[in-house]
>>> print(open('query31.pdb').read())   # PDB, C-alpha atoms
ATOM      1  CA  MET A   1      37.873   9.223  88.509
ATOM      2  CA  LYS A   2      38.742  10.057  84.900
ATOM      3  CA  SER A   3      35.622   8.290  83.674
ATOM      4  CA  ARG A   4      33.417  10.364  85.978
ATOM      5  CA  ILE A   5      34.994  13.602  84.757
ATOM      6  CA  LEU A   6      34.588  12.464  81.154
ATOM      7  CA  PHE A   7      30.956  11.486  81.812
ATOM      8  CA  ALA A   8      30.249  14.860  83.474
ATOM      9  CA  ALA A   9      31.849  16.716  80.554
ATOM     10  CA  LEU A  10      29.815  14.738  78.025
ATOM     11  CA  ALA A  11      26.617  15.301  80.005
ATOM     12  CA  LEU A  12      27.324  19.035  80.191
ATOM     13  CA  ALA A  13      28.021  19.160  76.456
ATOM     14  CA  LEU A  14      24.758  17.311  75.767
ATOM     15  CA  ILE A  15      22.791  19.713  77.968
ATOM     16  CA  CYS A  16      24.339  22.774  76.293
ATOM     17  CA  THR A  17      23.675  21.357  72.827
ATOM     18  CA  THR A  18      20.057  20.583  73.692
ATOM     19  CA  ALA A  19      19.526  24.066  75.130
ATOM     20  CA  ALA A  20      21.035  25.717  72.049
ATOM     21  CA  TRP A  21      18.917  23.589  69.721
ATOM     22  CA  SER A  22      15.773  24.393  71.694
ATOM     23  CA  GLN A  23      16.570  28.127  71.561
ATOM     24  CA  SER A  24      17.092  28.007  67.797
ATOM     25  CA  GLN A  25      13.756  26.203  67.339
ATOM     26  CA  GLU A  26      11.969  28.945  69.297
ATOM     27  CA  VAL A  27      13.607  31.633  67.143
ATOM     28  CA  LYS A  28      12.558  29.774  63.987
ATOM     29  CA  LYS A  29       8.969  29.541  65.254
ATOM     30  CA  GLU A  30       8.876  33.281  65.996
ATOM     31  CA  GLU A  31      10.315  34.106  62.558
ATOM     32  CA  LYS A  32       7.757  31.854  60.876
ATOM     33  CA  LYS A  33       4.920  33.444  62.831
ATOM     34  CA  ALA A  34       6.151  36.939  61.915
ATOM     35  CA  MET A  35       6.335  35.966  58.251
ATOM     36  CA  GLU A  36       2.766  34.596  58.353
ATOM     37  CA  HIS A  37       1.444  37.800  59.922
ATOM     38  CA  GLY A  38       3.458  40.045  57.639
ATOM     39  CA  THR A  39       5.486  41.547  60.451
ATOM     40  CA  THR A  40       9.233  41.844  60.682
ATOM     41  CA  GLY A  41      11.874  42.271  63.343
ATOM     42  CA  LYS A  42      12.089  45.473  65.373
ATOM     43  CA  ALA A  43      15.034  46.761  63.352
ATOM     44  CA  GLU A  44      13.001  46.545  60.147
ATOM     45  CA  MET A  45       9.784  47.999  61.539
ATOM     46  CA  GLY A  46       8.616  51.476  60.601
ATOM     47  CA  THR A  47       7.878  54.482  62.718
ATOM     48  CA  LEU A  48       5.128  54.142  65.311
ATOM     49  CA  LYS A  49       2.098  56.123  64.153
ATOM     50  CA  SER A  50      -1.274  56.810  65.720
ATOM     51  CA  PHE A  51      -4.717  57.477  64.270
ATOM     52  CA  SER A  52      -7.450  58.743  66.573
ATOM     53  CA  CYS A  53     -10.983  60.167  66.665
ATOM     54  CA  PRO A  54     -11.680  63.254  68.778
ATOM     55  CA  ASP A  55     -14.123  63.447  71.708
ATOM     56  CA  PRO A  56     -16.541  61.877  72.494
ATOM     57  CA  CYS A  57     -15.331  58.838  70.517
ATOM     58  CA  ASN A  58     -11.758  58.690  71.868
ATOM     59  CA  PHE A  59     -10.821  55.831  69.518
ATOM     60  CA  GLU A  60      -7.074  55.451  69.006
ATOM     61  CA  ILE A  61      -4.898  52.920  67.246
ATOM     62  CA  CYS A  62      -1.107  52.845  67.171
ATOM     63  CA  SER A  63       0.893  50.738  64.758
ATOM     64  CA  ARG A  64       4.208  50.526  62.953
ATOM     65  CA  ASP A  65       2.437  48.969  59.965
ATOM     66  CA  GLU A  66       0.666  51.531  57.765
ATOM     67  CA  LYS A  67      -1.619  48.880  56.231
ATOM     68  CA  GLU A  68      -2.782  47.807  59.683
ATOM     69  CA  LEU A  69      -3.278  51.427  60.763
ATOM     70  CA  THR A  70      -5.300  52.374  57.681
ATOM     71  CA  ALA A  71      -7.413  49.189  57.773
ATOM     72  CA  ALA A  72      -8.305  49.708  61.434
ATOM     73  CA  GLY A  73      -9.044  53.408  60.896
ATOM     74  CA  ILE A  74     -11.269  52.745  57.884
ATOM     75  CA  ALA A  75     -13.127  49.950  59.701
ATOM     76  CA  HIS A  76     -13.684  52.134  62.780
ATOM     77  CA  VAL A  77     -15.007  55.106  60.824
ATOM     78  CA  LYS A  78     -17.316  52.874  58.786
ATOM     79  CA  LYS A  79     -18.662  50.907  61.749
ATOM     80  CA  HIS A  80     -18.983  53.622  64.405
ATOM     81  CA  HIS A  81     -19.565  56.767  62.348
ATOM     82  CA  ASN A  82     -21.299  55.256  59.291
ATOM     83  CA  MET A  83     -18.915  57.173  57.024
ATOM     84  CA  THR A  84     -16.227  56.274  54.511
ATOM     85  CA  ILE A  85     -12.623  57.426  54.628
ATOM     86  CA  SER A  86      -9.739  56.661  52.298
ATOM     87  CA  GLU A  87      -6.319  55.285  53.194
ATOM     88  CA  LYS A  88      -4.851  58.629  52.183
ATOM     89  CA  ASP A  89      -7.170  60.460  54.606
ATOM     90  CA  VAL A  90      -6.276  58.102  57.452
ATOM     91  CA  MET A  91      -2.554  58.615  56.840
ATOM     92  CA  SER A  92      -2.990  62.394  56.612
ATOM     93  CA  LYS A  93      -4.581  62.375  60.072
ATOM     94  CA  ALA A  94      -2.037  59.935  61.540
ATOM     95  CA  VAL A  95       0.678  61.348  63.768
ATOM     96  CA  VAL A  96       4.100  59.987  64.696
ATOM     97  CA  VAL A  97       4.222  58.710  68.271
ATOM     98  CA  THR A  98       7.324  59.679  70.206
ATOM     99  CA  PRO A  99       8.304  57.181  72.904
ATOM    100  CA  LYS A 100       8.261  58.382  76.494
ATOM    101  CA  ALA A 101      11.632  58.590  78.243
ATOM    102  CA  GLU A 102      12.353  55.569  80.395
ATOM    103  CA  LYS A 103      12.465  56.121  84.130
ATOM    104  CA  LYS A 104      15.710  55.197  85.823
TER     105      LYS A 104
END
>>> encode(input="query31.pdb", output="structure tokens")
Amino acid sequence: MKSRILFAALALALICTTAAWSQSQEVKKEEKKAMEHGTTGKAEMGTLKSFSCPDPCNFEICSRDEKELTAAGIAHVKKHHNMTISEKDVMSKAVVVTPKAEKK
């Protein structure tokens, strides 16, 4: 009887250890992927901003990364409007996005 209890306790400890190790490996993978893409955790991310074109284009991009926002805005204006725009101009037209209240 004691050996069965001991075996069950060891098996449970092994399962918990394996689950914890697996979880830590997933976290490490996500951190590595974020580092490769130049993104960071939510706590370190900037304010959500949006850049958009008026009608009839209706293009809009939202991002917490200013480099991503400006690059996408510049590429859009160049490709679809055959014009050039600077990073400064994109950021001057960008607006802060306020999150909608969650429904309860």
>>> atom_distance(input="query31.pdb", atom1="CA of Thr84 (chain A)", atom2="CA of Ser52 (chain A)")
15.1 Å
>>> atom_distance(input="query31.pdb", atom1="CA of Ile85 (chain A)", atom2="CA of Arg64 (chain A)")
20.0 Å
>>> atom_distance(input="query31.pdb", atom1="CA of Val97 (chain A)", atom2="CA of Met83 (chain A)")
25.8 Å
>>> resolve_selection(input="query31.pdb", expression="the PyMOL selection byres ((chain A and resi 61) around 10)", output="list in words")
Lys49, Ser50, Phe51, Ser52, Cys53, Phe59, Glu60, Cys62, Ser63, Glu68, Leu69, Thr70, Ala72, Gly73, His76 and Ala94 of chain A
>>> closest_residue(input="query31.pdb", among="A:Pro56, A:Ala11, A:Leu48, A:Lys32", to="His81 (chain A)", atoms="only C-alpha atoms")
A:Pro56
